[in-house]
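Each remark here refers to the structure printed beneath this line.
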Amino acid sequence: MKPQRKKDETGEGGLSRRDFLRATSALAAVPLFTASGSSQAAVPAAAAIAAEQIVPTCSTFDCGGKCDIRAHVQDGVVTRISTCPDNDVDPAMPLMRACVRGRGYRQFVYHPDRLKYPMKRVGRRGEGKFERISWDEATTLIADNLKRLTEKYGPASRFMHTDTALSGGAFSGDKMARRLLNLTGGYLESYHSVSMGNTAAATPYTYGTAASGSSLDTLSHTPLVILWGHNPNETVFGHTNHYFQQMKRNGTRFIVVDPRYSDTVASLADQWVPLLPTTDNALMDAMMYVIISENLHDSAFLARYTLGFDEDSMPEGVPAGESLKAYLFGQKDGVAKTPQWAERITHVPAQTIRQLARDYATTKPAALIQGWGPQRHICGERTARGSTLLATLTGNVGIKGGWAAGYGGIGNRLFCADPYSVPNPVAEKISIMNWVQACDDASQITPENGLKGAERLSGNIKFIFNLAGNYLANQNPDINQTVEVLEDETRVEFIVVSDLFLTPSARYADLLLPETSFMERWNIGETWGTGNYLLLSQKLVEPEFERRSDYDWLREVARKLGIEARFSEGRSEKQWVEHIWEKTREALADHDLPDFAGLCQNPHVYLKAPPYVAFEENIRDPDNHPFPTPSGKIEIFSKRLWEMHHPEIPALSHYVPAPEGPEDALREKYPLQLITWKGKNRANSTQYANPWLQEVQRQQLWINPLDAQARGIHQGDTVRIYNDRGVVQIPAEVTPRIIPGVVAMQAGAWWQPDADGVDNGGCPNVLTSTRITPLAKGNAHQTLLVEVAKHESV
Ligand SMILES: Nc1nc2c(c(=O)[nH]1)N[C@H]1C(S)=C(S)[C@@H](COP(=O)(O)OP(=O)(O)OC[C@H]3O[C@@H](n4cnc5c(=O)[nH]c(N)nc54)[C@H](O)[C@@H]3O)O[C@H]1N2
Ligand SMILES: Nc1nc2c(c(=O)[nH]1)N[C@H]1C(S)=C(S)[C@@H](COP(=O)(O)OP(=O)(O)OC[C@H]3O[C@@H](n4cnc5c(=O)[nH]c(N)nc54)[C@H](O)[C@@H]3O)O[C@H]1N2
Ligand SMILES: [Mo]
């Protein structure tokens, strides 16, 4: 349910889309055309062969871009994937050419390992042994278990797992499964986006809302962009590549702050500033120290719009010495947050810090854009808020060409309507970080560690729907601990997984169902990040074998539960998609959208919204548009955080050493920090098995030559990466693209444990920790210490 989740988290959920719309839409007509005569001329019996159709469509996975892909379909088979050709480019629109993942979709959809039949577990849970059953048996098993477990344990024993693979589409099986559960008593919901939940929770303490992103077209004349732990060359995030490449050509200077020399550094950066992971706040603190001591801050802006900069602008009831200035100059702790101080912590040279601070503060406007990598850390909330303070100090909030914070989604984002959700009668919610505990011993979950809406849970999770997700095992932190709980069949009693492949999570299914792929279904693709358009995801080919869409079998389950009519409202999958489109047309009436038949003719619907600068009104007219914070101002110092009296949730977002960070004593045993990144060849673990994409990038451990040398590791050697939680074994890529003291591997590789539990797939979650972030109660996949050794020496 990512679109909803992101909508809610960015504070957009309660706002009518129409409130934001001020301009009309443009409809880029992209004809559905057939191949030219010349290509057919090469085929001898041209007349006997059905003409190739080139169908514009999009996938609905969870990567930020919904690219313009063109499927070549002939005789019911997708024969080739191409992308928007040069002669079909709408110059008024950002270009969304298919990336390497999009180009490889045929190898995903036609992969011989795809699941073909419904199957039920026959061995121990997790052993991976299944036998084929009929759909009738499968849906009876689901209906019977739902009835039995609900009667015995209540609806709050039913859980829908994180499943982002379909979150780029307006319609999906997981959305309809939630509907089914809600129509039959409800289910235990989880909150927190593992993607950006720490940013979403922290940003409102500065601005009153997390909806802090502007549209990228407002940056066309920004002379300086700092991408802070942001790698959009790979992660896309909407139209980033289109705009950033254009800006680069027009002379914008790009600086990238990242422990890794990412592909974005390679393609865009004029300067790379590597630092130790989790130390971003120290770098930010020192930048602020330089800016203030050199009088480069925007005093007029601070005086008019903010609270907490110095002792004269503090909220009432807070003792002296707590302002930003007092902290930076060490008024209380005697430590001035100088570049030298930060150099020791971050490993960024003091002179680089000074220059970075001066460049950011003296270039007007400047945009410091933070990705979500830095906030997927145990200190992620503070890092997210840190960038809001830098933007505030330099007066880059609410102005064209500036940038207020990390990506919170643009405030004028357009989504499809939601006519399918029904309220959940179960009030209690757990953090996504609590789910394993809720399967193991729910009595341990309290409001302090993540429970909302109740003081206690009534019992454990007994039933799990895991549809289009690999979070049951592969993507959840600390896999070994997770699967130990899942393997105990007396805890969770029934697990339904639907996927296209036998993934590491699917191995823990009691019932494993083969879903259709996006090419075999109807949907509407929605963007996230800074994209703002809708695309029809057309059904291109018929499903093969016994593959069925989740909605289709859910309908059968609903029938067996006696609620089919209420569940389906008589609509087929395509009819739901049509219905969603009609409701979207009503909600976006100003956009003059085509009807569904028109959409099928011209499947690319660009919703042109005017350039959007977050907080523009609050800055232009603060008297009538106060910030939605308690004080109505930008809160550099947050009294709400202050009142939490929590050492890891400071009222200012200053540096606090992270557990399993570079200052942890555990470094004696595990001296290297491990980070992961989202690579170009898959969306999380989706497409892991795609052979073309495996050729694009192998799963390797990036290790700096200094760290490799100290361990006798050479290029390509198999290395063991280990800590108290597990062992991973993959080849080493010895490269200066990673800062000394840090190693990195791509997220999303499939876990492949051998008999000793050593993972040969390169799944970082064998090593990651389940530590919960203090404010958001969220995930910290990126904060961990490991040691690395050449294979033979262990
Ligand atoms: N190709 C591709 N695109 C994707 C995805 C994918 O798997 N593949 N996944 C999608 C999803 S679900 C999401 S949530 C987004 C995620 O988007 P992001 O969270 O922004 O992506 P990441 O690659 O995790 O992190 C961005 C960068 O942060 C750096 N980083 C890590 N730790 C630190 C730190 O402590 N400080 C600093 N300054 N930098 C740090 C990493 O090296 C990385 O280059 O991407 C989406 N797009
Ligand atoms: N170490 C580490 N772990 C991480 C992260 C990290 O940065 N580092 N990032 C986290 C983040 S931000 C996210 S969003 C999560 C993502 O974790 P998940 O939400 O689990 O996403 P995926 O790994 O892409 O798994 C999606 C599954 O759906 C399947 N699938 C694809 N299409 C379909 C379909 O049409 N129907 C069905 N039924 N199945 C389909 C795919 O084969 C795949 O197995 O991972 C998190 N885990
Ligand atoms: Mo994500």
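Ordering of the structure tokens sets the chain letters (A, B, ...), residue numbers begin anew at 1 in every chain, and ligands are numbered from 1 in the order given.
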Give me, as a Markdown table, each residue of chain A that comes within 7 Å of ligand 1, together with its shortest interatomic pair and the distance in Å at one decimal, counting only C-alpha atoms and all ligand atoms, with rows ordered by chain and rising residue number.
```
| residue | atom | partner | partner_atom_place_in_ligand_line | distance |
| --- | --- | --- | --- | --- |
| A:Asp62 | CA | ligand 1 | 12 (S) | 5.4 |
| A:Cys63 | CA | ligand 1 | 47 (N) | 3.9 |
| A:Gly64 | CA | ligand 1 | 47 (N) | 5.0 |
| A:Ser195 | CA | ligand 1 | 14 (S) | 3.7 |
| A:Met196 | CA | ligand 1 | 14 (S) | 6.4 |
| A:Trp228 | CA | ligand 1 | 38 (N) | 5.2 |
| A:Gly229 | CA | ligand 1 | 39 (N) | 3.4 |
| A:His230 | CA | ligand 1 | 26 (C) | 4.5 |
| A:Asn231 | CA | ligand 1 | 44 (O) | 4.9 |
| A:Glu234 | CA | ligand 1 | 1 (N) | 4.6 |
| A:Thr235 | CA | ligand 1 | 3 (N) | 3.3 |
| A:Val236 | CA | ligand 1 | 47 (N) | 6.0 |
| A:Phe237 | CA | ligand 1 | 47 (N) | 6.3 |
| A:Val257 | CA | ligand 1 | 38 (N) | 5.0 |
| A:Asp258 | CA | ligand 1 | 39 (N) | 4.2 |
| A:Pro259 | CA | ligand 1 | 42 (O) | 5.7 |
| A:Arg260 | CA | ligand 1 | 42 (O) | 5.0 |
| A:Ser262 | CA | ligand 1 | 44 (O) | 5.4 |
| A:Leu275 | CA | ligand 1 | 38 (N) | 6.9 |
| A:Leu276 | CA | ligand 1 | 35 (O) | 6.6 |
| A:Pro277 | CA | ligand 1 | 35 (O) | 3.2 |
| A:Thr278 | CA | ligand 1 | 35 (O) | 4.2 |
| A:Thr279 | CA | ligand 1 | 35 (O) | 6.5 |
| A:Asp280 | CA | ligand 1 | 36 (N) | 5.7 |
| A:Gly371 | CA | ligand 1 | 20 (O) | 3.9 |
| A:Trp372 | CA | ligand 1 | 19 (O) | 3.4 |
| A:Gly373 | CA | ligand 1 | 25 (O) | 3.2 |
| A:Pro374 | CA | ligand 1 | 34 (C) | 4.1 |
| A:Arg376 | CA | ligand 1 | 19 (O) | 6.9 |
| A:His377 | CA | ligand 1 | 35 (O) | 6.8 |
| A:Ile675 | CA | ligand 1 | 31 (C) | 5.6 |
| A:Thr676 | CA | ligand 1 | 24 (O) | 6.3 |
| A:Trp677 | CA | ligand 1 | 23 (O) | 3.5 |
| A:Lys678 | CA | ligand 1 | 23 (O) | 3.9 |
| A:Gly679 | CA | ligand 1 | 8 (N) | 4.7 |
| A:Lys680 | CA | ligand 1 | 1 (N) | 3.7 |
| A:Asn681 | CA | ligand 1 | 1 (N) | 6.0 |
| A:Arg682 | CA | ligand 1 | 8 (N) | 5.0 |
| A:Ala683 | CA | ligand 1 | 7 (O) | 3.4 |
| A:Asn684 | CA | ligand 1 | 7 (O) | 3.5 |
| A:Ser685 | CA | ligand 1 | 7 (O) | 6.9 |
| A:Gly748 | CA | ligand 1 | 7 (O) | 7.0 |
| A:Gln782 | CA | ligand 1 | 32 (N) | 6.2 |
```
Per residue of segment 434-497 of chain A within 9 Å of segment 154-174 of chain A, note the shortest atom pair and the distance in Å to one decimal, counting only C-alpha atoms, and order the rows by chain and increasing residue number, as CSV.
```
residue,atom,partner,partner_atom,distance
A:Trp435,CA,A:Phe159,CA,8.7
A:Leu457,CA,A:Ala156,CA,8.1
A:Ser458,CA,A:Ala156,CA,7.4
A:Gly459,CA,A:Ser157,CA,6.6
A:Asn460,CA,A:Ser157,CA,5.9
A:Ile461,CA,A:Ser157,CA,4.3
A:Lys462,CA,A:Ser157,CA,5.2
A:Phe463,CA,A:Arg158,CA,4.8
A:Ile464,CA,A:Phe159,CA,4.9
A:Phe465,CA,A:Met160,CA,5.0
A:Asn466,CA,A:His161,CA,5.1
A:Leu467,CA,A:Asp174,CA,5.9
A:Ala468,CA,A:Asp163,CA,5.1
A:Gly469,CA,A:Asp163,CA,3.7
A:Asn470,CA,A:Asp163,CA,7.0
A:Tyr471,CA,A:Thr162,CA,6.2
A:Leu472,CA,A:His161,CA,7.4
```
message: Residues of segment 363-414 of chain A classed as strand (DSSP E or B) by DSSP on the backbone are to be reported as a ChimeraX atom specification.
response: /A:366-370,410
- prompt: Rounded to one decimal in Å, what is the spacing between atom CA of Asp707 of chain A and atom CA of His781 of chain A?
  reply: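 Separation between atom CA of Asp707 of chain A and atom CA of His781 of chain A: 22.6 Å.
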task: Name all residues at most 12 Å from Lys364 of chain A (count only C-alpha atoms; drop same-chain ones fewer than 6 positions away) and give them as number ranges by chain.
output: A: 219, 221-225, 252, 296-298, 358, 391, 394-397, 399-403
Go ahead and save the picked residues with C-alpha atoms, as a short mmCIF file (atom, residue, chain, number, x, y, z; two decimals), in the first residue's frame.
```cif
data_model
loop_
_atom_site.label_atom_id
_atom_site.label_comp_id
_atom_site.auth_asym_id
_atom_site.auth_seq_id
_atom_site.Cartn_x
_atom_site.Cartn_y
_atom_site.Cartn_z
CA LEU A 219 15.40 23.92 -9.71
CA HIS A 221 18.20 27.86 -12.32
CA THR A 222 19.67 26.61 -9.06
CA PRO A 223 23.43 27.09 -9.24
CA LEU A 224 24.30 24.56 -6.51
CA VAL A 225 22.70 21.24 -5.62
CA THR A 252 24.48 23.65 -12.07
CA LEU A 296 26.88 33.66 6.48
CA HIS A 297 23.48 32.76 7.90
CA ASP A 298 20.33 34.55 6.78
CA ARG A 358 30.69 28.43 2.62
CA ALA A 391 18.04 24.85 4.75
CA THR A 394 20.54 29.68 4.84
CA GLY A 395 17.02 30.88 4.00
CA ASN A 396 16.48 28.19 1.36
CA VAL A 397 12.98 27.28 2.55
CA ILE A 399 11.89 29.95 -2.26
CA LYS A 400 12.18 28.91 -5.88
CA GLY A 401 15.43 27.07 -6.43
CA GLY A 402 15.94 26.24 -2.75
CA TRP A 403 14.93 23.01 -1.05
#
```
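The gap separating atom CA of Val727 of chain A from atom CA of Leu511 of chain A is 29.3 Å, in Å to one decimal.
Between Cys99 of chain A and the candidates A:Asn198, A:Ser82, A:Asn765, A:Ser313, the tightest atom-to-atom separation, counting only C-alpha atoms, involves A:Ser82.
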- line: Closest of A:Leu554, A:Leu534, A:Val194, A:Cys439 to ligand 3, counting only C-alpha atoms and all ligand atoms, is A:Val194
